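Let me begin by presenting the structure, written as structure tokens, before commenting on it.
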Amino acid sequence: MRLASVVPLIPAELVAALDHSCGIRTDTDLLFFGSSLDIIKRLPLGTVTLSDLQKFTELVAEQASVPGYRGDEILAGTARTYEKHPQVSCGVKKLDELVGAFGGSRVFEISGAKGSGKTALALQVVIQHLLCDADSCALWIDTSGDFSAEKTAQLVRHFDVSDKVLERLQVSLGFNTEAVHDVLEALRISLSSSRTVGPTVQWIVLDSITPLLLPSLSAVSSQGHAMMTTFMRQLRELARVFGITIMVINGTSAAAPFNQSSAFASTIRKPALGPSFTFMTDCTLWLSKMKDIPDPEGPFSVHVAEVFRSRVTRSKTWCTFQIRYGVLSSTSDL
């Protein structure tokens with residue numbers, strides 16, 4: 001910040017003297033030049049008193065500083081924001097409590113190995129949302145071509161509702177960041193238009209984000225990390241401005257000797273895309289499959305959901321759930 005921009009908080013004559021006699025032109029120059037006594041020794045006699053120079057330096061520091069906020073005030077504000085947006089249940093009460101319910105202007109990361117239930121969880125939450133709010137629709141961005149319309153229809157029939165719910169589920173293909181960016185930009189323009197009629201997108205699922213960003217990440221270049229940061233900021237801005245809930249599904253990478261973010265020493269995998277990615281979302285939910293269990297009513301699998309990091313709930317908390325025929329439900333402690 002140039003000192004000339006804070007005139008008349010500090011006199012223009014002093015700004016000119018600081019520039020001419022000391023080479024001080026910006027707030028950084030003034031604050032890190034040295035003591036006020038060092039500065040006043042270089043100024044022409046009578047330019048300013050020592051006490052006034054100290055006062056002007058404090059004013060510049062105040063103008064250049066970011067205002068502080070108390071943590072409890074931020075938490076209370078976040079809670080009020082979530083209250084404005086409907087919360088959605090995934091069908092497993094303990095899992096809802098684990099993340100503070102699904103919904104709000106938040107970005108969720110769902111991570112885990114293949115078969116851990118990531119897509120099943122995201123799909124069930126989206127269907128539950130569409131059932132609860134007839135004036136909304138959801139956008140599913142498929143980056144691998146694996147989206148199954150048949151499994152989605154089966155899930156809808158499980159809840160004993162009409163397949164017309166699926167008319168409000170939009171599916172887009174995006175095999176690279178440019179294609180996904182175009183989809184999101186088109187959505188932003190649509191939501192910004194005053195002529196938009198009918199159900200609006202209030203939920204976005206990106207399945208999965210890993211193949212979009214992982215190829216560009218490198219240990220010898222920061223370009224890939226910059227791309228990832230820019231992309232995630234775009235998602236967060238969509239969520240904040242339009243009240244959209246976003247779920248990004250992420251793959252895994254090796255964690256040696258084990259993942260320290262987990263409550264279990266047996267967790268030897270971690271979310272992909274590096275350690276900084278988890279701080280670009282509001283909640284990192286880790287899913288893992290425990291075992292398959294045969295049953296006369298149909299085989300099912302038992303899974304563990306664990307919070308690695310969250311802005312509103314505790315980390316290293318977990319619960320179990322089961323999946324039968326692609327449907328998540330509660331399970332007793334095993």
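Naming scheme: A, B, ... for chains in displayed order of the structure tokens; residues 1 onward per chain; ligands 1 onward as shown.
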Residues within 6 Å of range 268-272 of chain A, only C-alpha atoms, excluding chain neighbours under 5 positions, as a PyMOL selection string: chain A and resi 111+251-255+258-259
Identify, with DSSP run on backbone atoms, the residues in range 91-264 of chain A assigned to strand (DSSP E), and express the list as a PyMOL selection string. chain A and resi 102-103+107-112+136-142+169-173+200-207+245-250+252-254
Convert the current residue selection to file output with N, CA and C atoms, as a tab-separated table (two decimals), in the first residue's frame.
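Full text of again.tsv as output:
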chain	number	residue	atom	x	y	z
A	102	PHE	N	-25.79	-33.33	6.17
A	102	PHE	CA	-25.38	-32.95	4.82
A	102	PHE	C	-26.24	-31.78	4.37
A	103	GLY	N	-25.63	-30.82	3.72
A	103	GLY	CA	-26.36	-29.66	3.25
A	103	GLY	C	-25.63	-28.38	3.61
A	107	VAL	N	-18.62	-27.66	1.05
A	107	VAL	CA	-17.96	-28.55	0.10
A	107	VAL	C	-17.47	-29.76	0.89
A	108	PHE	N	-18.01	-30.93	0.57
A	108	PHE	CA	-17.64	-32.17	1.24
A	108	PHE	C	-16.67	-32.95	0.35
A	109	GLU	N	-15.62	-33.48	0.96
A	109	GLU	CA	-14.75	-34.44	0.27
A	109	GLU	C	-15.05	-35.83	0.81
A	110	ILE	N	-15.38	-36.74	-0.10
A	110	ILE	CA	-15.62	-38.13	0.29
A	110	ILE	C	-14.50	-38.96	-0.32
A	111	SER	N	-13.71	-39.56	0.55
A	111	SER	CA	-12.53	-40.28	0.10
A	111	SER	C	-12.61	-41.72	0.54
A	112	GLY	N	-11.86	-42.58	-0.15
A	112	GLY	CA	-11.81	-43.99	0.22
A	112	GLY	C	-11.42	-44.84	-0.97
A	136	SER	N	-35.96	-28.17	-6.36
A	136	SER	CA	-34.52	-28.17	-6.61
A	136	SER	C	-34.14	-29.31	-7.54
A	137	CYS	N	-32.98	-29.18	-8.12
A	137	CYS	CA	-32.42	-30.27	-8.91
A	137	CYS	C	-30.94	-30.41	-8.56
A	138	ALA	N	-30.32	-31.46	-9.04
A	138	ALA	CA	-28.93	-31.75	-8.73
A	138	ALA	C	-28.15	-31.97	-10.01
A	139	LEU	N	-26.86	-31.63	-9.94
A	139	LEU	CA	-25.96	-31.81	-11.08
A	139	LEU	C	-24.90	-32.83	-10.70
A	140	TRP	N	-24.82	-33.90	-11.48
A	140	TRP	CA	-23.82	-34.95	-11.26
A	140	TRP	C	-22.81	-34.86	-12.41
A	141	ILE	N	-21.56	-34.53	-12.08
A	141	ILE	CA	-20.51	-34.44	-13.09
A	141	ILE	C	-19.70	-35.72	-13.06
A	142	ASP	N	-19.80	-36.49	-14.13
A	142	ASP	CA	-19.15	-37.79	-14.24
A	142	ASP	C	-17.84	-37.63	-15.02
A	169	LEU	N	-32.41	-34.76	-11.87
A	169	LEU	CA	-31.00	-35.11	-11.72
A	169	LEU	C	-30.31	-34.97	-13.07
A	170	GLN	N	-29.48	-33.95	-13.20
A	170	GLN	CA	-28.76	-33.69	-14.45
A	170	GLN	C	-27.39	-34.36	-14.40
A	171	VAL	N	-27.01	-35.04	-15.46
A	171	VAL	CA	-25.71	-35.72	-15.52
A	171	VAL	C	-24.91	-35.12	-16.67
A	172	SER	N	-23.70	-34.67	-16.36
A	172	SER	CA	-22.80	-34.11	-17.37
A	172	SER	C	-21.49	-34.88	-17.36
A	173	LEU	N	-20.92	-35.06	-18.54
A	173	LEU	CA	-19.62	-35.71	-18.65
A	173	LEU	C	-18.53	-34.64	-18.72
A	200	THR	N	-34.01	-25.23	-9.50
A	200	THR	CA	-32.64	-24.75	-9.63
A	200	THR	C	-31.67	-25.75	-8.99
A	201	VAL	N	-30.46	-25.76	-9.48
A	201	VAL	CA	-29.45	-26.67	-8.95
A	201	VAL	C	-29.04	-26.24	-7.55
A	202	GLN	N	-29.18	-27.13	-6.60
A	202	GLN	CA	-28.79	-26.87	-5.22
A	202	GLN	C	-27.81	-27.91	-4.71
A	203	TRP	N	-27.45	-28.84	-5.58
A	203	TRP	CA	-26.52	-29.90	-5.17
A	203	TRP	C	-25.65	-30.28	-6.36
A	204	ILE	N	-24.35	-30.39	-6.14
A	204	ILE	CA	-23.41	-30.80	-7.18
A	204	ILE	C	-22.57	-31.95	-6.65
A	205	VAL	N	-22.41	-32.99	-7.46
A	205	VAL	CA	-21.51	-34.09	-7.14
A	205	VAL	C	-20.47	-34.19	-8.25
A	206	LEU	N	-19.20	-34.23	-7.86
A	206	LEU	CA	-18.11	-34.40	-8.82
A	206	LEU	C	-17.49	-35.76	-8.58
A	207	ASP	N	-17.75	-36.69	-9.48
A	207	ASP	CA	-17.34	-38.09	-9.31
A	207	ASP	C	-16.50	-38.53	-10.52
A	245	THR	N	-24.73	-27.14	-2.12
A	245	THR	CA	-23.90	-28.14	-1.44
A	245	THR	C	-23.14	-28.92	-2.51
A	246	ILE	N	-21.83	-29.07	-2.31
A	246	ILE	CA	-20.98	-29.73	-3.29
A	246	ILE	C	-20.27	-30.92	-2.64
A	247	MET	N	-20.32	-32.06	-3.30
A	247	MET	CA	-19.60	-33.25	-2.84
A	247	MET	C	-18.58	-33.64	-3.90
A	248	VAL	N	-17.31	-33.69	-3.51
A	248	VAL	CA	-16.27	-34.13	-4.43
A	248	VAL	C	-15.76	-35.49	-3.95
A	249	ILE	N	-15.73	-36.43	-4.86
A	249	ILE	CA	-15.27	-37.77	-4.53
A	249	ILE	C	-13.81	-37.90	-4.93
A	250	ASN	N	-13.01	-38.38	-3.98
A	250	ASN	CA	-11.56	-38.42	-4.17
A	250	ASN	C	-11.05	-39.84	-4.00
A	252	THR	N	-7.44	-42.46	-3.47
A	252	THR	CA	-6.52	-42.64	-2.36
A	252	THR	C	-5.08	-42.76	-2.85
A	253	SER	N	-4.17	-42.62	-1.91
A	253	SER	CA	-2.75	-42.88	-2.15
A	253	SER	C	-2.19	-43.55	-0.90
A	254	ALA	N	-0.98	-44.07	-1.01
A	254	ALA	CA	-0.38	-44.81	0.09
A	254	ALA	C	0.00	-43.86	1.23
Per residue of range 63-150 of chain A within 12 Å of range 293-304 of chain A, note the shortest atom pair and the distance in Å to one decimal, counting only C-alpha atoms, and order the rows by chain and increasing residue number, as a Markdown table.
| residue | atom | partner | partner_atom | distance |
| --- | --- | --- | --- | --- |
| A:Val92 | CA | A:His303 | CA | 11.9 |
| A:Lys94 | CA | A:Val304 | CA | 11.1 |
| A:Leu95 | CA | A:Val304 | CA | 9.6 |
| A:Leu98 | CA | A:Val304 | CA | 11.5 |
| A:Ser111 | CA | A:Val304 | CA | 11.8 |
| A:Gly112 | CA | A:Val304 | CA | 10.2 |
| A:Ala113 | CA | A:His303 | CA | 11.5 |
| A:Gly115 | CA | A:His303 | CA | 9.7 |
| A:Ser116 | CA | A:His303 | CA | 6.9 |
| A:Gly117 | CA | A:His303 | CA | 7.7 |
| A:Lys118 | CA | A:His303 | CA | 10.6 |
| A:Ala120 | CA | A:His303 | CA | 11.7 |
| A:Leu121 | CA | A:His303 | CA | 11.2 |
Please, could you write that set of residues out with N, CA, C and O atoms as a PDB file, in the first residue's frame?
ATOM      1  N   VAL A  92     -28.614 -42.644   7.412  1.00  0.00           N
ATOM      2  CA  VAL A  92     -27.895 -43.258   8.538  1.00  0.00           C
ATOM      3  C   VAL A  92     -27.696 -42.154   9.568  1.00  0.00           C
ATOM      4  O   VAL A  92     -26.886 -41.244   9.372  1.00  0.00           O
ATOM      5  N   LYS A  94     -26.282 -41.888  12.538  1.00  0.00           N
ATOM      6  CA  LYS A  94     -24.955 -41.677  13.113  1.00  0.00           C
ATOM      7  C   LYS A  94     -24.021 -40.989  12.115  1.00  0.00           C
ATOM      8  O   LYS A  94     -23.179 -40.177  12.503  1.00  0.00           O
ATOM      9  N   LEU A  95     -24.197 -41.318  10.850  1.00  0.00           N
ATOM     10  CA  LEU A  95     -23.370 -40.687   9.822  1.00  0.00           C
ATOM     11  C   LEU A  95     -23.751 -39.222   9.644  1.00  0.00           C
ATOM     12  O   LEU A  95     -22.882 -38.361   9.443  1.00  0.00           O
ATOM     13  N   LEU A  98     -22.176 -37.365  12.382  1.00  0.00           N
ATOM     14  CA  LEU A  98     -20.725 -37.333  12.237  1.00  0.00           C
ATOM     15  C   LEU A  98     -20.262 -36.075  11.501  1.00  0.00           C
ATOM     16  O   LEU A  98     -19.242 -35.482  11.850  1.00  0.00           O
ATOM     17  N   SER A 111     -13.707 -39.555   0.548  1.00  0.00           N
ATOM     18  CA  SER A 111     -12.527 -40.281   0.096  1.00  0.00           C
ATOM     19  C   SER A 111     -12.613 -41.723   0.538  1.00  0.00           C
ATOM     20  O   SER A 111     -13.283 -42.058   1.509  1.00  0.00           O
ATOM     21  N   GLY A 112     -11.860 -42.577  -0.147  1.00  0.00           N
ATOM     22  CA  GLY A 112     -11.813 -43.988   0.219  1.00  0.00           C
ATOM     23  C   GLY A 112     -11.424 -44.839  -0.968  1.00  0.00           C
ATOM     24  O   GLY A 112     -11.446 -44.383  -2.115  1.00  0.00           O
ATOM     25  N   ALA A 113     -11.058 -46.083  -0.671  1.00  0.00           N
ATOM     26  CA  ALA A 113     -10.666 -47.006  -1.723  1.00  0.00           C
ATOM     27  C   ALA A 113     -11.871 -47.423  -2.553  1.00  0.00           C
ATOM     28  O   ALA A 113     -13.024 -47.175  -2.182  1.00  0.00           O
ATOM     29  N   GLY A 115     -14.857 -49.403  -3.854  1.00  0.00           N
ATOM     30  CA  GLY A 115     -15.762 -50.305  -3.151  1.00  0.00           C
ATOM     31  C   GLY A 115     -16.064 -49.887  -1.731  1.00  0.00           C
ATOM     32  O   GLY A 115     -16.756 -50.611  -1.004  1.00  0.00           O
ATOM     33  N   SER A 116     -15.583 -48.715  -1.319  1.00  0.00           N
ATOM     34  CA  SER A 116     -15.816 -48.283   0.061  1.00  0.00           C
ATOM     35  C   SER A 116     -17.189 -47.641   0.250  1.00  0.00           C
ATOM     36  O   SER A 116     -17.606 -47.417   1.384  1.00  0.00           O
ATOM     37  N   GLY A 117     -17.887 -47.326  -0.845  1.00  0.00           N
ATOM     38  CA  GLY A 117     -19.239 -46.776  -0.740  1.00  0.00           C
ATOM     39  C   GLY A 117     -19.335 -45.287  -1.018  1.00  0.00           C
ATOM     40  O   GLY A 117     -20.354 -44.662  -0.710  1.00  0.00           O
ATOM     41  N   LYS A 118     -18.310 -44.705  -1.636  1.00  0.00           N
ATOM     42  CA  LYS A 118     -18.303 -43.255  -1.879  1.00  0.00           C
ATOM     43  C   LYS A 118     -19.455 -42.835  -2.792  1.00  0.00           C
ATOM     44  O   LYS A 118     -20.231 -41.937  -2.465  1.00  0.00           O
ATOM     45  N   ALA A 120     -22.088 -44.573  -3.672  1.00  0.00           N
ATOM     46  CA  ALA A 120     -23.381 -44.958  -3.094  1.00  0.00           C
ATOM     47  C   ALA A 120     -23.864 -43.920  -2.096  1.00  0.00           C
ATOM     48  O   ALA A 120     -25.045 -43.557  -2.074  1.00  0.00           O
ATOM     49  N   LEU A 121     -22.959 -43.428  -1.257  1.00  0.00           N
ATOM     50  CA  LEU A 121     -23.323 -42.399  -0.275  1.00  0.00           C
ATOM     51  C   LEU A 121     -23.752 -41.114  -0.977  1.00  0.00           C
ATOM     52  O   LEU A 121     -24.800 -40.546  -0.658  1.00  0.00           O
TER      53      LEU A 121
END
Report the residues of range 53-125 of chain A whose backbone DSSP state falls under helix (DSSP H, G or I), written as a PyMOL selection string. chain A and resi 53-64+71-84+93-99+118-125
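Residue nearest Leu18 in chain A, chosen from A:Val6, A:Val48, A:Val307, A:Met1 and counting only C-alpha atoms: A:Val48.
When only C-alpha atoms are used to compute distances to Asn176 in chain A, the closest of the residues A:Leu155, A:Leu214, A:Leu273, A:Ile323 turns out to be A:Leu214.
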For the atom pair CA of Arg240 in chain A and CA of Ser190 in chain A, what is the interatomic distance in Å to one decimal place? 15.9 Å
